[in-house]
Amino acid sequence: MPSSLLRFGVVCGVVMGLSVGVPGAVEAFTGETTATSLVIGLGVAFGPPALTAFHLRQSEVSGRFGAVAYAVNMIGLTLFAGLALALNVVVFFLDDAVTRELLRGPTKIVLLGGTAVFVAGTILFSAAMLRAGVFPKVPAAGYGVTLTALALAASSPDSVLTSLLHVLVAATLIWLSLSVRRYADRP
């Protein structure tokens, strides 16, 4: 397994965690701002390499279930990353009336469908991590719980709860990433 690919995924996981957690913590005090919205919207691009590193770390023991969980999670993550980019970098800057009109019809169906695939993939991959037993149990379970909760709360108005979810997602992603780093750095 190429350790350079694992290290790249580790860096991406930490960057994504920080890009979700720091703005989330700031938003608890300021509400959503242009800066926090841009950081979250752009930071999700680091998710697929991080997910790949997580999968590579456990692929030898996770078997077919792990491979299927990774595939569903990757498709869901890329869909959700696109949604997060659109909502945080485009929709955030639109007038409320335009936003309501935009989020009707086919767009709403795609948003709900993308979120559903993301949630299903996240739960499957979390189960695969727990089943493989390669990662610490807390972040492996936290991956399924916190990312699912954040996805379901994405359409809710920002609150202290959504800020807390952002911080918990960040802690989970960083913990998992550092677990991979320890493995990648072994001789």
# chains A, B, ... in the order shown; residues from 1 in each chain; ligands from 1
>>> select_by_dssp(residues="range 9-183 of chain A", states="alpha helix (DSSP H)", output="number ranges by chain")
A: 9-30, 34-43, 47-85, 96-102, 105-132, 137-153, 160-183
>>> write_last_selection(atoms="C-alpha atoms", output="short mmCIF file (atom, residue, chain, number, x, y, z; two decimals), in the first residue's frame")
data_model
loop_
_atom_site.label_atom_id
_atom_site.label_comp_id
_atom_site.auth_asym_id
_atom_site.auth_seq_id
_atom_site.Cartn_x
_atom_site.Cartn_y
_atom_site.Cartn_z
CA GLY A 9 -5.39 11.23 2.62
CA VAL A 10 -4.35 11.99 6.19
CA VAL A 11 -3.57 15.61 5.33
CA CYS A 12 -6.86 15.90 3.44
CA GLY A 13 -8.78 14.43 6.38
CA VAL A 14 -7.23 16.90 8.82
CA VAL A 15 -7.82 19.83 6.45
CA MET A 16 -11.42 18.78 5.89
CA GLY A 17 -11.95 18.34 9.63
CA LEU A 18 -10.57 21.81 10.30
CA SER A 19 -12.58 23.34 7.45
CA VAL A 20 -15.77 21.92 8.95
CA GLY A 21 -15.00 22.37 12.65
CA VAL A 22 -13.42 25.81 12.87
CA PRO A 23 -16.15 27.61 10.88
CA GLY A 24 -18.77 25.59 12.77
CA ALA A 25 -17.36 26.77 16.09
CA VAL A 26 -17.15 30.37 14.86
CA GLU A 27 -20.75 30.24 13.62
CA ALA A 28 -21.95 29.43 17.15
CA PHE A 29 -21.06 33.03 18.01
CA THR A 30 -21.40 34.90 14.71
CA THR A 34 -19.31 34.78 4.00
CA ALA A 35 -15.95 33.54 5.30
CA THR A 36 -17.33 30.55 7.21
CA SER A 37 -19.58 29.59 4.33
CA LEU A 38 -16.71 29.69 1.84
CA VAL A 39 -14.38 27.63 4.05
CA ILE A 40 -17.00 24.92 4.63
CA GLY A 41 -18.10 24.91 0.99
CA LEU A 42 -14.57 24.55 -0.35
CA GLY A 43 -13.26 22.30 2.43
CA GLY A 47 -13.32 14.41 1.70
CA PRO A 48 -12.79 11.88 -1.10
CA PRO A 49 -9.01 11.54 -0.60
CA ALA A 50 -9.55 11.18 3.16
CA LEU A 51 -12.21 8.52 2.64
CA THR A 52 -9.87 6.68 0.28
CA ALA A 53 -7.14 6.66 2.93
CA PHE A 54 -9.59 5.32 5.51
CA HIS A 55 -10.61 2.56 3.12
CA LEU A 56 -7.04 1.68 2.18
CA ARG A 57 -6.15 1.42 5.87
CA GLN A 58 -8.77 -1.25 6.45
CA SER A 59 -9.19 -2.83 3.00
CA GLU A 60 -7.14 -5.93 3.81
CA VAL A 61 -9.60 -6.95 6.53
CA SER A 62 -12.87 -5.27 5.57
CA GLY A 63 -13.59 -7.63 2.67
CA ARG A 64 -16.39 -7.28 0.15
CA PHE A 65 -18.68 -5.48 2.61
CA GLY A 66 -15.99 -2.85 3.19
CA ALA A 67 -15.50 -2.37 -0.55
CA VAL A 68 -19.24 -1.94 -1.16
CA ALA A 69 -19.53 0.42 1.83
CA TYR A 70 -16.61 2.46 0.47
CA ALA A 71 -18.18 2.64 -3.00
CA VAL A 72 -21.58 3.78 -1.69
CA ASN A 73 -19.93 6.23 0.71
CA MET A 74 -17.69 7.64 -2.05
CA ILE A 75 -20.66 8.27 -4.35
CA GLY A 76 -22.67 9.76 -1.49
CA LEU A 77 -19.75 11.86 -0.28
CA THR A 78 -19.08 13.33 -3.71
CA LEU A 79 -22.78 14.11 -4.15
CA PHE A 80 -22.97 15.69 -0.70
CA ALA A 81 -19.73 17.62 -1.28
CA GLY A 82 -21.29 19.06 -4.44
CA LEU A 83 -24.40 19.97 -2.49
CA ALA A 84 -22.35 21.57 0.29
CA LEU A 85 -20.38 23.56 -2.28
CA ASP A 96 -34.40 34.28 -0.14
CA ALA A 97 -37.12 34.38 -2.83
CA VAL A 98 -34.67 33.11 -5.46
CA THR A 99 -33.45 30.41 -3.07
CA ARG A 100 -36.99 29.17 -2.41
CA GLU A 101 -37.68 29.02 -6.15
CA LEU A 102 -34.37 27.30 -6.87
CA GLY A 105 -38.91 20.68 -8.23
CA PRO A 106 -36.01 18.62 -9.60
CA THR A 107 -33.41 20.47 -7.53
CA LYS A 108 -35.15 19.49 -4.30
CA ILE A 109 -35.35 15.86 -5.46
CA VAL A 110 -31.62 15.83 -6.26
CA LEU A 111 -30.80 17.42 -2.89
CA LEU A 112 -32.86 14.82 -1.03
CA GLY A 113 -31.56 11.93 -3.15
CA GLY A 114 -27.92 13.00 -2.77
CA THR A 115 -28.37 13.36 0.97
CA ALA A 116 -30.00 9.91 1.17
CA VAL A 117 -27.09 8.25 -0.68
CA PHE A 118 -24.62 10.10 1.55
CA VAL A 119 -26.40 8.97 4.72
CA ALA A 120 -26.65 5.36 3.51
CA GLY A 121 -22.97 5.29 2.51
CA THR A 122 -21.88 6.91 5.75
CA ILE A 123 -23.76 4.38 7.87
CA LEU A 124 -22.44 1.47 5.79
CA PHE A 125 -18.85 2.70 5.94
CA SER A 126 -19.07 3.32 9.67
CA ALA A 127 -20.37 -0.25 10.09
CA ALA A 128 -17.49 -1.51 7.91
CA MET A 129 -14.98 0.34 10.10
CA LEU A 130 -16.49 -1.10 13.27
CA ARG A 131 -16.61 -4.58 11.76
CA ALA A 132 -12.99 -4.44 10.54
CA LYS A 137 -14.28 2.36 18.07
CA VAL A 138 -15.26 5.90 19.13
CA PRO A 139 -14.35 7.69 15.88
CA ALA A 140 -15.49 4.70 13.78
CA ALA A 141 -18.95 4.92 15.35
CA GLY A 142 -18.76 8.71 15.45
CA TYR A 143 -18.26 8.77 11.69
CA GLY A 144 -21.68 7.23 11.18
CA VAL A 145 -23.45 9.19 13.89
CA THR A 146 -22.00 12.68 13.47
CA LEU A 147 -21.90 12.83 9.67
CA THR A 148 -25.44 11.44 9.43
CA ALA A 149 -26.70 13.96 11.99
CA LEU A 150 -24.95 16.79 10.17
CA ALA A 151 -26.43 15.74 6.82
CA LEU A 152 -29.91 15.60 8.30
CA ALA A 153 -29.43 18.99 9.98
CA VAL A 160 -25.65 26.02 18.50
CA LEU A 161 -26.58 22.37 17.83
CA THR A 162 -25.43 22.52 14.19
CA SER A 163 -22.24 24.23 15.33
CA LEU A 164 -21.66 21.44 17.83
CA LEU A 165 -22.25 18.86 15.09
CA HIS A 166 -19.62 20.58 12.91
CA VAL A 167 -17.10 20.39 15.76
CA LEU A 168 -17.90 16.71 16.45
CA VAL A 169 -17.53 15.86 12.75
CA ALA A 170 -14.17 17.64 12.78
CA ALA A 171 -12.97 15.71 15.84
CA THR A 172 -14.06 12.43 14.25
CA LEU A 173 -12.34 13.12 10.91
CA ILE A 174 -9.13 14.30 12.54
CA TRP A 175 -9.04 11.30 14.91
CA LEU A 176 -9.56 8.84 12.04
CA SER A 177 -6.94 10.66 9.95
CA LEU A 178 -4.36 10.55 12.72
CA SER A 179 -5.07 6.82 13.14
CA VAL A 180 -4.18 6.34 9.48
CA ARG A 181 -1.05 8.47 9.92
CA ARG A 182 0.28 6.22 12.62
CA TYR A 183 -0.20 3.26 10.26
#
>>> atom_distance(atom1="CA of Pro157 in chain A", atom2="CA of Val89 in chain A")
16.4 Å
